[in-house]
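K.L.:
Next up, start36.cif (mmCIF, C-alpha atoms).
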```
data_work
#
loop_
_atom_site.label_atom_id
_atom_site.label_comp_id
_atom_site.auth_asym_id
_atom_site.auth_seq_id
_atom_site.Cartn_x
_atom_site.Cartn_y
_atom_site.Cartn_z
CA MET A 1 -54.97 291.99 -42.78
CA GLN A 2 -57.96 292.86 -44.94
CA SER A 3 -56.89 294.81 -47.98
CA LYS A 4 -58.04 298.40 -48.24
CA ILE A 5 -57.15 298.46 -51.94
CA THR A 6 -60.18 298.21 -54.20
CA SER A 7 -59.08 300.09 -57.32
CA TYR A 8 -56.10 301.08 -59.46
CA GLU A 9 -56.34 304.53 -57.89
CA ASP A 10 -55.74 302.97 -54.47
CA ILE A 11 -52.69 301.15 -55.83
CA ALA A 12 -51.38 304.39 -57.34
CA GLN A 13 -51.70 306.10 -53.96
CA LEU A 14 -49.71 303.34 -52.29
CA LEU A 15 -47.05 303.40 -55.02
CA ALA A 16 -46.65 307.14 -54.44
CA LYS A 17 -44.95 306.29 -51.13
CA PHE A 18 -42.06 304.54 -52.93
CA LYS A 19 -38.90 306.21 -54.12
CA ALA A 20 -38.87 306.34 -57.92
CA ILE A 21 -36.43 304.90 -60.45
CA SER A 22 -36.33 306.16 -64.04
CA LEU A 23 -35.90 304.17 -67.24
CA PRO A 24 -32.28 305.32 -67.74
CA GLU A 25 -31.50 304.28 -64.16
CA MET A 26 -33.00 300.87 -64.92
CA ASP A 27 -30.18 300.13 -67.38
CA SER A 28 -28.07 298.60 -64.63
CA VAL A 29 -30.82 296.09 -63.83
CA ASN A 30 -32.15 295.21 -67.30
CA LEU A 31 -31.18 291.60 -66.58
CA LEU A 32 -31.58 290.42 -70.17
CA ASN A 33 -29.74 287.25 -69.12
CA ARG A 34 -31.23 286.10 -65.85
CA THR A 35 -32.99 283.59 -63.66
CA GLU A 36 -36.73 283.95 -63.17
CA LYS A 37 -39.18 282.81 -60.52
CA LYS A 38 -42.93 283.42 -60.73
CA PHE A 39 -45.76 283.56 -58.22
CA ILE A 40 -49.55 283.68 -58.64
CA MET A 41 -51.74 285.43 -56.09
CA HIS A 42 -55.09 287.13 -55.62
CA VAL A 43 -55.03 290.92 -56.14
CA SER A 44 -56.21 291.44 -52.55
CA LYS A 45 -52.65 290.61 -51.40
CA ILE A 46 -51.03 293.41 -53.38
CA GLU A 47 -51.29 295.86 -50.47
CA ALA A 48 -49.46 293.51 -48.09
CA VAL A 49 -46.78 292.80 -50.71
CA LEU A 50 -46.13 296.48 -51.44
CA LEU A 51 -46.03 297.50 -47.79
CA LEU A 52 -43.35 294.88 -47.08
CA ALA A 53 -41.37 296.04 -50.13
CA LEU A 54 -41.58 299.76 -49.34
CA ALA A 55 -38.32 300.05 -47.39
CA ASP A 56 -36.01 298.27 -49.83
CA TYR A 57 -37.41 298.81 -53.33
CA ARG A 58 -37.81 301.67 -55.79
CA VAL A 59 -40.66 301.75 -58.31
CA LEU A 60 -40.30 302.46 -62.02
CA GLU A 61 -41.88 305.78 -62.98
CA ILE A 62 -42.54 306.87 -66.59
CA ASN A 63 -44.29 310.16 -67.41
CA ALA A 64 -45.37 310.54 -63.78
CA SER A 65 -47.08 307.13 -63.81
CA ARG A 66 -46.09 304.09 -61.74
CA LEU A 67 -48.84 301.66 -62.74
CA LEU A 68 -47.98 301.10 -66.39
CA GLU A 69 -50.13 299.53 -69.10
CA TYR A 70 -48.66 297.00 -71.54
CA SER A 71 -49.97 295.31 -74.67
CA THR A 72 -48.43 292.12 -76.06
CA GLU A 73 -48.90 290.07 -79.22
CA TYR A 74 -47.56 286.50 -79.19
CA PHE A 75 -46.42 284.64 -82.28
CA ASP A 76 -45.97 280.94 -82.94
CA THR A 77 -45.68 278.51 -85.83
CA PHE A 78 -48.89 277.36 -87.53
CA ASP A 79 -48.63 274.06 -85.61
CA ASN A 80 -47.86 275.72 -82.24
CA VAL A 81 -44.31 274.44 -81.79
CA MET A 82 -43.40 277.02 -79.12
CA TYR A 83 -46.62 276.50 -77.15
CA LEU A 84 -46.20 272.72 -77.19
CA ALA A 85 -42.53 272.95 -76.18
CA HIS A 86 -43.62 274.77 -73.02
CA HIS A 87 -46.55 272.45 -72.41
CA ASN A 88 -44.38 269.36 -72.78
CA GLY A 89 -41.78 270.69 -70.36
CA ARG A 90 -38.90 271.25 -72.78
CA GLN A 91 -36.25 273.27 -70.98
CA ASN A 92 -34.72 274.66 -74.17
CA ARG A 93 -37.55 276.70 -75.68
CA PHE A 94 -38.44 280.03 -77.25
CA LYS A 95 -41.08 282.75 -77.13
CA VAL A 96 -41.59 285.46 -79.77
CA ARG A 97 -43.70 288.50 -78.97
CA LYS A 98 -44.30 292.15 -79.82
CA ARG A 99 -44.69 294.36 -76.79
CA GLU A 100 -45.98 297.92 -76.65
CA TYR A 101 -45.51 300.23 -73.68
CA LEU A 102 -48.76 302.14 -73.95
CA ILE A 103 -47.69 305.13 -71.85
CA SER A 104 -44.75 305.90 -74.15
CA GLY A 105 -45.86 304.24 -77.39
CA GLU A 106 -42.57 302.32 -77.66
CA GLN A 107 -42.79 298.93 -79.37
CA PHE A 108 -40.29 296.08 -79.42
CA LEU A 109 -40.11 292.71 -81.08
CA GLU A 110 -38.69 290.37 -78.46
CA VAL A 111 -37.31 286.85 -78.38
CA LYS A 112 -37.04 285.02 -75.07
CA ARG A 113 -35.03 281.83 -74.87
CA ARG A 114 -35.03 279.53 -71.88
CA TYR A 115 -31.99 277.28 -71.56
CA ASN A 116 -31.56 273.84 -70.04
CA ASN A 117 -29.79 275.39 -67.03
CA GLY A 118 -32.89 277.41 -66.14
CA ARG A 119 -31.56 280.75 -67.30
CA THR A 120 -33.61 283.03 -69.57
CA GLN A 121 -32.14 285.35 -72.19
CA LYS A 122 -34.10 288.13 -73.87
CA LYS A 123 -33.14 289.89 -77.10
CA ARG A 124 -35.17 292.62 -78.78
CA VAL A 125 -35.29 295.25 -81.50
CA GLU A 126 -37.25 298.48 -81.36
CA LEU A 127 -40.00 298.93 -83.95
CA ASN A 128 -40.77 302.33 -85.43
CA GLY A 129 -43.54 301.58 -87.92
CA SER A 130 -41.30 301.78 -90.97
CA ALA A 131 -40.43 299.25 -93.66
CA THR A 132 -37.25 298.40 -91.76
CA ASP A 133 -39.26 296.78 -88.96
CA GLY A 134 -39.70 293.61 -90.96
CA VAL A 135 -36.02 293.49 -91.89
CA TYR A 136 -34.77 293.92 -88.33
CA GLY A 137 -37.45 291.56 -87.02
CA GLN A 138 -36.42 288.90 -89.50
CA VAL A 139 -32.77 289.27 -88.55
CA LEU A 140 -33.59 288.99 -84.84
CA VAL A 141 -35.87 285.97 -85.13
CA GLU A 142 -33.63 284.05 -87.50
CA ALA A 143 -30.49 284.79 -85.48
CA ALA A 144 -32.00 284.00 -82.07
CA THR A 145 -34.40 281.13 -82.86
CA PRO A 146 -34.67 278.16 -85.24
CA TYR A 147 -37.71 279.82 -86.88
CA LYS A 148 -38.27 282.26 -89.71
CA LEU A 149 -40.34 285.39 -89.17
CA ASN A 150 -42.58 284.68 -92.18
CA GLY A 151 -43.27 281.23 -90.73
CA LEU A 152 -44.88 282.69 -87.61
CA GLU A 153 -48.43 283.90 -87.09
CA LYS A 154 -50.12 285.91 -84.35
CA LYS A 155 -51.79 283.59 -81.86
CA LEU A 156 -52.78 285.76 -78.89
CA GLU A 157 -53.13 289.35 -77.68
CA ASN A 158 -52.72 290.25 -74.03
CA THR A 159 -53.04 293.48 -72.03
CA PHE A 160 -52.22 294.10 -68.39
CA HIS A 161 -51.02 296.68 -65.89
CA ARG A 162 -47.55 296.32 -64.40
CA ILE A 163 -45.69 297.56 -61.35
CA THR A 164 -41.90 297.26 -61.64
CA LEU A 165 -39.81 297.31 -58.47
CA VAL A 166 -36.01 297.40 -58.24
CA ASN A 167 -33.76 296.37 -55.38
CA ASP A 168 -30.32 297.82 -55.99
CA ALA A 169 -28.74 295.96 -53.09
CA CYS A 170 -29.11 292.49 -54.61
CA LEU A 171 -29.51 293.32 -58.32
CA GLU A 172 -33.12 292.19 -58.45
CA ARG A 173 -36.08 293.35 -60.51
CA ILE A 174 -39.70 292.54 -59.69
CA THR A 175 -42.74 292.79 -61.95
CA ILE A 176 -46.29 292.64 -60.57
CA ASP A 177 -48.88 292.16 -63.33
CA LEU A 178 -52.61 292.63 -62.81
CA GLY A 179 -55.74 293.33 -64.83
CA LEU A 180 -54.89 290.48 -67.19
CA SER A 181 -56.93 290.29 -70.39
CA PHE A 182 -56.55 287.84 -73.30
CA ARG A 183 -58.12 287.67 -76.75
CA ASN A 184 -57.70 285.97 -80.11
CA ASP A 185 -59.97 284.82 -82.91
CA LYS A 186 -61.49 282.22 -80.56
CA GLY A 187 -62.75 284.75 -78.00
CA SER A 188 -61.66 286.82 -75.03
CA ILE A 189 -61.31 286.43 -71.27
CA ASN A 190 -60.41 288.70 -68.34
CA LEU A 191 -58.76 287.69 -65.05
CA PRO A 192 -59.32 290.80 -62.89
CA SER A 193 -58.66 289.01 -59.59
CA VAL A 194 -55.37 287.39 -60.61
CA SER A 195 -51.93 288.89 -60.17
CA ILE A 196 -48.68 287.37 -61.47
CA ILE A 197 -45.39 288.29 -59.82
CA GLU A 198 -42.02 287.58 -61.42
CA ILE A 199 -38.64 287.89 -59.71
CA LYS A 200 -35.75 288.45 -62.10
CA LYS A 201 -32.24 288.00 -60.70
CA GLU A 202 -28.74 287.81 -62.11
CA LYS A 203 -28.28 284.32 -60.71
CA ALA A 204 -30.09 281.76 -58.62
CA GLY A 205 -29.08 281.37 -55.01
CA PRO A 206 -30.38 281.41 -51.43
CA VAL A 207 -33.82 282.81 -50.73
CA THR A 208 -33.28 286.57 -50.46
CA GLY A 209 -34.96 289.85 -51.27
CA PHE A 210 -38.47 289.60 -52.63
CA GLU A 211 -38.66 285.84 -52.17
CA LEU A 212 -38.58 286.43 -48.42
CA ILE A 213 -41.64 288.65 -48.75
CA MET A 214 -43.44 285.92 -50.68
CA HIS A 215 -42.51 283.33 -48.05
CA LYS A 216 -43.67 285.60 -45.23
CA LEU A 217 -47.08 285.98 -46.90
CA GLY A 218 -47.36 282.27 -47.70
CA ILE A 219 -47.31 282.83 -51.47
CA HIS A 220 -45.58 279.94 -53.21
CA GLY A 221 -43.68 279.89 -56.50
CA SER A 222 -45.61 278.66 -59.52
CA SER A 223 -44.32 278.40 -63.08
CA VAL A 224 -46.76 280.18 -65.36
CA SER A 225 -46.72 281.57 -68.91
CA LYS A 226 -49.25 284.24 -69.80
CA TYR A 227 -49.04 283.09 -73.42
CA CYS A 228 -49.76 279.45 -72.65
CA ILE A 229 -52.46 280.10 -70.08
CA GLY A 230 -54.23 282.62 -72.32
CA ARG A 231 -54.34 280.20 -75.21
CA ALA A 232 -55.37 277.25 -73.06
CA LEU A 233 -58.24 279.26 -71.58
CA LEU A 234 -59.47 280.42 -74.98
CA GLU A 235 -58.92 277.25 -77.01
CA PRO A 236 -60.50 274.15 -75.43
CA THR A 237 -59.29 271.89 -78.26
CA LEU A 238 -55.64 272.87 -77.75
CA LYS A 239 -53.51 270.31 -75.90
CA ALA A 240 -53.46 271.54 -72.29
CA ASN A 241 -53.70 268.53 -69.99
CA LEU A 242 -50.47 269.47 -68.19
CA PHE A 243 -51.83 272.97 -67.55
CA GLN A 244 -55.14 271.84 -66.02
CA ASN A 245 -54.12 272.24 -62.37
CA LYS A 246 -52.86 275.74 -63.11
CA ILE A 247 -56.03 276.62 -65.00
CA ARG A 248 -58.21 275.38 -62.14
CA TYR A 249 -56.19 277.43 -59.66
CA LEU A 250 -56.43 280.59 -61.78
CA THR A 251 -60.16 280.07 -62.25
CA LYS A 252 -60.60 279.62 -58.50
CA LEU A 253 -58.59 282.76 -57.73
CA ASN A 254 -60.56 284.75 -60.26
CA ALA A 255 -63.85 283.66 -58.70
CA ILE A 256 -62.88 284.85 -55.21
CA VAL A 257 -64.81 287.99 -54.31
CA HIS A 258 -63.90 289.90 -51.15
CA ASP A 259 -65.98 292.50 -49.35
CA HIS A 260 -65.18 295.02 -52.08
CA SER A 261 -64.81 294.23 -55.73
CA PHE A 262 -61.51 295.30 -57.26
CA LYS A 263 -62.19 297.83 -60.01
CA PRO A 264 -59.86 299.39 -62.61
#
```
Output the file's structure as structure tokens, nothing else.

P.N.:
Amino acid sequence: MQSKITSYEDIAQLLAKFKAISLPEMDSVNLLNRTEKKFIMHVSKIEAVLLLALADYRVLEINASRLLEYSTEYFDTFDNVMYLAHHNGRQNRFKVRKREYLISGEQFLEVKRRYNNGRTQKKRVELNGSATDGVYGQVLVEAATPYKLNGLEKKLENTFHRITLVNDACLERITIDLGLSFRNDKGSINLPSVSIIEIKKEKAGPVTGFELIMHKLGIHGSSVSKYCIGRALLEPTLKANLFQNKIRYLTKLNAIVHDHSFKP
């Protein structure tokens, strides 16, 4: 099926067909301790994905909006310990980031830890722009990671739009990110044709829920980190040999132009 979606407005119109879920209702599916599976696809497949999800999923709505904009800053040590841990395939690794929900203005400092058993745990503190931010941030980072907050520096900024879907029946949360943009002091790059889907579940198990939709559409799982890919794309001298196949695939996807260009 050729996609009729060519803009964010078209996506918003399709999302309007979903039942809504509010932020307070999302508390039961925060899944701060979870398993994750990611997929990469061209944005032209978003229509097919959403139509198959329409019957069983609700969409997060905040301030009457269902296509939400996010901004993220990623932090690492001066010698890129967290980036290299991911690149080298270490299963026990960390990510430190500050995320802003642009529609509400809420900001959080977040620590994600991936364990050897494949589970991911996220901890966070809300930031309010006061002097206490640094104190609470320091407590979080030093309690949840082997690093110190003053030993980290900002490495990358990232913006994107996100659709969040929730399946109450199998305790599953889906994020669909598009309009990816990266920048740091080395430059900037946009990936307007790339979409990253992440399935967050309480525990791993048989292929169910959203994975069945991905299988039906022939979209295969692919481990990907926005932080690592953004840095690898912007910093040619950074060690990235194990990411080269992923970078080539993303570059190929981003170069695909259909009959209509997708526009914000």

K.L.:
Identify, on the basis of all atoms listed in the file, every residue whose closest approach to Tyr101 (chain A) does not exceed 10 Å; exclude the query and any residue fewer than 4 positions from it along the same chain; express the result as a PDB file with C-alpha atoms, in the frame of the given file.

P.N.:
```
ATOM      1  CA  LEU A  68     -47.980 301.100 -66.390  1.00  0.00           C
ATOM      2  CA  GLU A  69     -50.130 299.530 -69.100  1.00  0.00           C
ATOM      3  CA  TYR A  70     -48.660 297.000 -71.540  1.00  0.00           C
ATOM      4  CA  SER A  71     -49.970 295.310 -74.670  1.00  0.00           C
ATOM      5  CA  THR A  72     -48.430 292.120 -76.060  1.00  0.00           C
ATOM      6  CA  GLY A 105     -45.860 304.240 -77.390  1.00  0.00           C
ATOM      7  CA  GLU A 106     -42.570 302.320 -77.660  1.00  0.00           C
ATOM      8  CA  GLN A 107     -42.790 298.930 -79.370  1.00  0.00           C
ATOM      9  CA  PHE A 108     -40.290 296.080 -79.420  1.00  0.00           C
TER      10      PHE A 108
END
```

K.L.:
Lys17 (chain A): which residues within 9 Å, counting only C-alpha atoms, same-chain residues fewer than 3 positions away excluded, as an MDAnalysis selection string?

P.N.:
chainID A and resid 13:14 54

K.L.:
Taking 2 positions as the minimum chain separation for residues in the same chain, which residues sit within 7 Å of region 78-85 of chain A when counting all atoms listed in the file? Answer as JSON, numbers by chain.

P.N.:
{"A": [76, 87, 88, 89, 90, 93, 94, 95, 152, 153, 228]}

K.L.:
So that I can check the surroundings of Lys246 (chain A), please list as a ChimeraX atom specification every protein, DNA and RNA residue that reaches within 9 Å of it, counting all atoms listed in the file and ignoring chain neighbours fewer than 3 positions away.

P.N.:
/A:222-224,229,242-243,249-251

K.L.:
Could you expand the PyMOL selection byres ((chain A and resi 155) around 8) into the explicit residues it covers here, written as a ChimeraX atom specification?

P.N.:
/A:73-76,153-154,156-157,184,231

K.L.:
Write out as a list in words which residues come within 12 Å of region 125-132 of chain A when counting only C-alpha atoms, dropping same-chain ones fewer than 5 positions away.

P.N.:
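Counting only the stated atoms, we get Val96, Arg97, Lys98, Arg99, Glu100, Tyr101, Gly105, Glu106, Gln107, Phe108, Leu109, Glu110, Val111, Gly137, Gln138, Val139, Leu140, Val141 and Ala144 of chain A.
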
K.L.:
Figure out the distance between CA of His161 (chain A) and CA of Ser188 (chain A), please, to one decimal in Å.

P.N.:
17.1 Å

K.L.:
Compile a residue-level contact table for region 159-192 of chain A against region 196-217 of chain A at a cut-off of 6 Å, reporting for every qualifying residue the shortest atom pair and its distance in Å to one decimal, with all atoms listed in the file counted, rows ordered by chain and ascending number, as a Markdown table.

P.N.:
```
| residue | atom | partner | partner_atom | distance |
| --- | --- | --- | --- | --- |
| A:Glu172 | CA | A:Lys201 | CA | 4.8 |
| A:Arg173 | CA | A:Lys200 | CA | 5.2 |
| A:Ile174 | CA | A:Ile199 | CA | 4.8 |
| A:Thr175 | CA | A:Glu198 | CA | 5.3 |
| A:Ile176 | CA | A:Ile197 | CA | 4.5 |
| A:Asp177 | CA | A:Ile196 | CA | 5.1 |
```

K.L.:
Provide an axis-aligned box for all listed atoms of region 53-68 of chain A, padding each side by 3 Å; report its centre and its edge lengths in Å to one decimal, as lines of an AutoDock Vina configuration file.

P.N.:
```
center_x = -42.4
center_y = 303.3
center_z = -57.4
size_x = 18.8
size_y = 20.5
size_z = 26.0
```

K.L.:
Would you work out the distance separating CA of Leu50 (chain A) from CA of Arg66 (chain A), expressed in Å to one decimal?

P.N.:
12.8 Å

K.L.:
Around the point (-35.6, 281.5, -73.3), in the coordinates given by the file, pick out the residues reaching within 9 Å, counting all atoms listed in the file, and return them as a ChimeraX atom specification.

P.N.:
/A:91-95,111-115,118-122

K.L.:
Report, in Å to a single decimal, how far apart CA of Ala169 (chain A) and CA of Tyr57 (chain A) are.

P.N.:
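A separation of 9.1 Å between them.
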
K.L.:
Expand the PyMOL selection byres ((chain A and resi 191) around 9) into the explicit residue set it covers here, and present it as a list in words.

P.N.:
Leu178, Gly179, Leu180, Ser181, Phe182, Ile189, Asn190, Pro192, Ser193, Val194, Ser195, Leu250, Thr251, Leu253 and Asn254 of chain A
